[in-house]
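*Asks:* Got a structure for you, written out below as structure tokens; questions coming shortly.
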Amino acid sequence: MPVAALEAPANPDSPPETAGYRNLYILLFACGFILRFGFVLWKRTYLRAPGSILPFGAEVCSIAEHIVRGQGFSSPFYQDTGPTAWIAPVYPYLAALVFRLFGIYSVASAVVLLCIQCIIAAATGIIIHALSRRTLGAQIGFFAAWIWALSPIFFRWPVSWIWDFTASAFLLSAAFIVTLDVAEKNTRKLWLSLGALWALIALTNPALLSVMPFTFLYAAFVNHRAFRSWFASAALAGVLFAALVSPWPIRNERVFGRLVFFRSNFWFEFHLGNYHFSNGMGFSGKHPTANPAEFKKYAAMGEMGYVDFYKEDSLRFVREYPSEFLDLTLHRAWWFWDGTSLHYQSREWWRPSEFWPLSLGGWLGLLFVLTRRPRGWLLFAAALLIYPVPYYFVYPVSKYRHAIEPELLLLSVYFAFVLWSELRVLAHRRA
């Protein structure tokens, strides 16, 4: 295959192609959903594991429980401790809606929530193909989407843990698609859609916001280079984003007496991975959900006081042991990708040998993307280079990589295609 064929076509798909993709997308979605939800029913992952709250994610579902009981967005650690901003609001409110309809911590609620996640994960296969059509090519998207739909490696989070991991993977790739459409068509409606989508992302998983500036910069740069007027529409998109997210920080300021944008717990999470003689992996024994003494401290100090205490404590560690902190950070930058974190997690499905190949393939694919620069190359670079950075400073666990696994998969398939193309050219020259 010629290398030029690896790039997405510049023009929108014709109607016959769109109809063909529609049939492909129906099949992708059906296979992805049936396999995932079938796994839920087969392995009965909707039942709580012995000695664990799973599949109910601790903080998300504890807050949801208290919402349903009429106590508002509060108490992330099961017992009543008052208002919280420990978690962004979208997923707790989704879980609260299901709890209200099907019962708090009931089997029916677990089945419904896992079913919703399986739907989102199945739809991500469609998003993968749609993203590749606009960037690396439809054929690459075809293979990547089917790998996503059929491979049990990508079943891990939607079928077993009620949290925002699955939604994050879908939403980030969707934001990239909208960004590419904005760059191509530059309509105000698309700009506003981009702002609204990033507002939803911010209220679902704020960790993804590190990528947001690059989507706006990419769309603005492409339109600027094409001599199209874009500033007013981009500004309106920013205003819409601010307007949609503003009720949450306003609520936090009124409740806590200080501004908390999306989540309050960063410095506590930073502390879990950074203390003297830490292994750098976020020791759960220091967490209020696992340590009664820590829970009492949290309840006594209040959420803001508790976070402030550990902010001061962890920054003291950085000041007193800078070389230790640097060593941990450098190791975490490697551990995020190689699967070392799996050794520190109980009940994990993967082995490191099943984890790191996707990382390797993604990074090799990124090298080709950076040199050949197909459409949307900056978005792939931001996903791999920017998104993981906070986890290098805090702690890496396998679940945090899932948000960019659609991009890693596309880049891995892209690398395979480029390598095969180069090998064919080399073989032809020698013939």
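To be explicit about the labels: the chains of the structure tokens are called A, B, and onward in the order shown, and within each one the residues are counted from 1, while ligands get numbers from 1 in the order they are shown.
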Can you pull out every residue within 10 Å of A:Trp337, counting only C-alpha atoms, but drop anything in the same chain fewer than 4 positions away, and send it as a ChimeraX atom specification?

*Replies:* /A:332-333,341,352,355-360,363,388,396-398,401

*Asks:* Could you tell me, as a VMD selection string, which residues of stretch 273-412 of chain A DSSP assigns to helix (DSSP H, G or I) when given the backbone?

*Replies:* chain A and resid 273 284 to 286 292 to 320 322 to 338 340 to 344 352 to 372 377 to 385 389 to 393 398 to 412

*Asks:* List as CSV every residue of stretch 297-386 of chain A that is in contact with stretch 221-243 of chain A, defined as an atom at most 12 Å from one of its atoms (using only C-alpha atoms), together with the nearest atom pair and the distance in Å rounded to one decimal, sorted by chain and then rising number.

*Replies:*
residue,atom,partner,partner_atom,distance
A:Arg375,CA,A:Val222,CA,10.0
A:Gly376,CA,A:Val222,CA,10.0
A:Leu378,CA,A:Phe221,CA,10.9

*Asks:* I want to know what sits within 7 Å of A:Phe56, based on only C-alpha atoms, with residues of the same chain fewer than 2 positions away left out; could you give that as a list in words?

*Replies:*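 Once the adjacent positions are removed, what remains is Ile53, Leu54, Ala58, Cys61, Trp161 and Ile162 of chain A.
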
*Asks:* Would you export the selected residues with C-alpha atoms as a PDB file, in the first residue's frame, please?

*Replies:*
ATOM      1  CA  ILE A  53     -17.344  -3.235  46.913  1.00  0.00           C
ATOM      2  CA  LEU A  54     -16.741  -3.801  43.176  1.00  0.00           C
ATOM      3  CA  ALA A  58     -16.240   3.393  46.003  1.00  0.00           C
ATOM      4  CA  CYS A  61     -21.335   5.077  44.304  1.00  0.00           C
ATOM      5  CA  TRP A 161     -15.884  -1.327  37.536  1.00  0.00           C
ATOM      6  CA  ILE A 162     -18.538   1.381  37.683  1.00  0.00           C
TER       7      ILE A 162
END

*Asks:* Output as JSON lines one row per residue of stretch 50-120 of chain A within 10 Å of stretch 164-167 of chain A: the closest atom pair and its distance in Å to one decimal place, counting only C-alpha atoms, sorted by chain and residue number ascending.

*Replies:*
{"residue": "A:Gly57", "atom": "CA", "partner": "A:Asp164", "partner_atom": "CA", "distance": 9.5}
{"residue": "A:Val60", "atom": "CA", "partner": "A:Asp164", "partner_atom": "CA", "distance": 9.1}
{"residue": "A:Ala88", "atom": "CA", "partner": "A:Asp164", "partner_atom": "CA", "distance": 9.8}
{"residue": "A:Val90", "atom": "CA", "partner": "A:Asp164", "partner_atom": "CA", "distance": 8.9}
{"residue": "A:Tyr91", "atom": "CA", "partner": "A:Asp164", "partner_atom": "CA", "distance": 6.5}
{"residue": "A:Pro92", "atom": "CA", "partner": "A:Asp164", "partner_atom": "CA", "distance": 9.5}
{"residue": "A:Ile116", "atom": "CA", "partner": "A:Ala167", "partner_atom": "CA", "distance": 9.7}
{"residue": "A:Gln117", "atom": "CA", "partner": "A:Thr166", "partner_atom": "CA", "distance": 6.3}
{"residue": "A:Cys118", "atom": "CA", "partner": "A:Thr166", "partner_atom": "CA", "distance": 8.3}
{"residue": "A:Ile119", "atom": "CA", "partner": "A:Thr166", "partner_atom": "CA", "distance": 9.6}
{"residue": "A:Ile120", "atom": "CA", "partner": "A:Ala167", "partner_atom": "CA", "distance": 6.5}

*Asks:* Can you tell me, as a compact mmCIF listing (two decimals) with N, CA and C atoms, in the first residue's frame, what residues are no more than 10 Å from A:Ser74 when counting only C-alpha atoms, ignoring any on the same chain fewer than 2 positions away?

*Replies:*
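Writing the result to part_39.txt gives the following:
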# COMPACT_ATOMS: atom_id res chain seq x y z
N GLU A 59 -16.00 5.81 45.71
CA GLU A 59 -16.42 7.20 45.91
C GLU A 59 -17.62 7.55 45.04
N SER A 62 -20.72 5.78 46.56
CA SER A 62 -21.05 6.31 47.89
C SER A 62 -21.74 7.66 47.78
N ILE A 63 -21.22 8.53 46.92
CA ILE A 63 -21.86 9.84 46.70
C ILE A 63 -23.25 9.64 46.11
N ALA A 64 -23.37 8.72 45.15
CA ALA A 64 -24.68 8.45 44.54
C ALA A 64 -25.68 7.99 45.60
N GLU A 65 -25.25 7.14 46.52
CA GLU A 65 -26.12 6.68 47.58
C GLU A 65 -26.66 7.84 48.41
N HIS A 66 -25.78 8.77 48.75
CA HIS A 66 -26.19 9.89 49.59
C HIS A 66 -27.07 10.87 48.82
N ILE A 67 -26.86 10.99 47.52
CA ILE A 67 -27.76 11.81 46.71
C ILE A 67 -29.17 11.24 46.78
N GLY A 70 -31.17 11.85 49.83
CA GLY A 70 -31.54 13.24 50.07
C GLY A 70 -30.49 14.05 50.80
N GLN A 71 -29.24 13.58 50.83
CA GLN A 71 -28.18 14.27 51.53
C GLN A 71 -27.27 15.06 50.60
N GLY A 72 -27.64 15.14 49.34
CA GLY A 72 -26.88 15.92 48.39
C GLY A 72 -25.58 15.25 47.99
N PRO A 76 -18.06 10.75 50.37
CA PRO A 76 -17.47 9.82 49.39
C PRO A 76 -16.99 8.49 49.98
N PHE A 77 -16.99 8.36 51.31
CA PHE A 77 -16.43 7.17 51.94
C PHE A 77 -17.47 6.44 52.78
N TYR A 78 -18.69 6.35 52.25
CA TYR A 78 -19.79 5.55 52.81
C TYR A 78 -20.48 6.21 54.00
N GLN A 79 -19.73 6.56 55.03
CA GLN A 79 -20.35 7.17 56.20
C GLN A 79 -20.59 8.66 55.97
N ASP A 80 -21.54 9.22 56.71
CA ASP A 80 -21.91 10.63 56.53
C ASP A 80 -20.77 11.54 56.99
N THR A 81 -20.24 12.33 56.06
CA THR A 81 -19.16 13.27 56.39
C THR A 81 -19.40 14.65 55.80
N GLY A 82 -20.55 14.87 55.20
CA GLY A 82 -20.85 16.20 54.67
C GLY A 82 -20.49 16.37 53.21
N PRO A 83 -20.65 17.60 52.71
CA PRO A 83 -20.46 17.88 51.27
C PRO A 83 -19.06 17.50 50.78
N THR A 84 -18.99 17.19 49.49
CA THR A 84 -17.72 16.78 48.91
C THR A 84 -17.58 17.32 47.50
N ALA A 85 -16.33 17.44 47.06
CA ALA A 85 -16.01 17.67 45.65
C ALA A 85 -14.91 16.69 45.25
N TRP A 86 -14.87 15.55 45.94
CA TRP A 86 -13.83 14.55 45.73
C TRP A 86 -13.85 14.00 44.30
N ILE A 87 -15.04 13.93 43.73
CA ILE A 87 -15.26 13.37 42.41
C ILE A 87 -16.03 14.38 41.57

*Asks:* Which residue gives the smallest distance to A:Val40 among A:Arg424, A:Lys286, A:Arg188, A:Arg156, with only C-alpha atoms counted?

*Replies:* A:Arg156

*Asks:* Go through A:Arg372, A:Arg133, A:His402, A:Arg316 one by one, measure the shortest atom-to-atom distance of each to A:Phe415 using only C-alpha atoms, and give the residue with the smallest value.

*Replies:*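 Ranking A:Arg372, A:Arg133, A:His402, A:Arg316 by distance to A:Phe415, first place goes to A:Arg372.
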
*Asks:* State, in Å with one decimal place, the distance from atom CA of A:Val418 to atom CA of A:Leu364.

*Replies:*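 These two atoms are separated by 10.4 Å.
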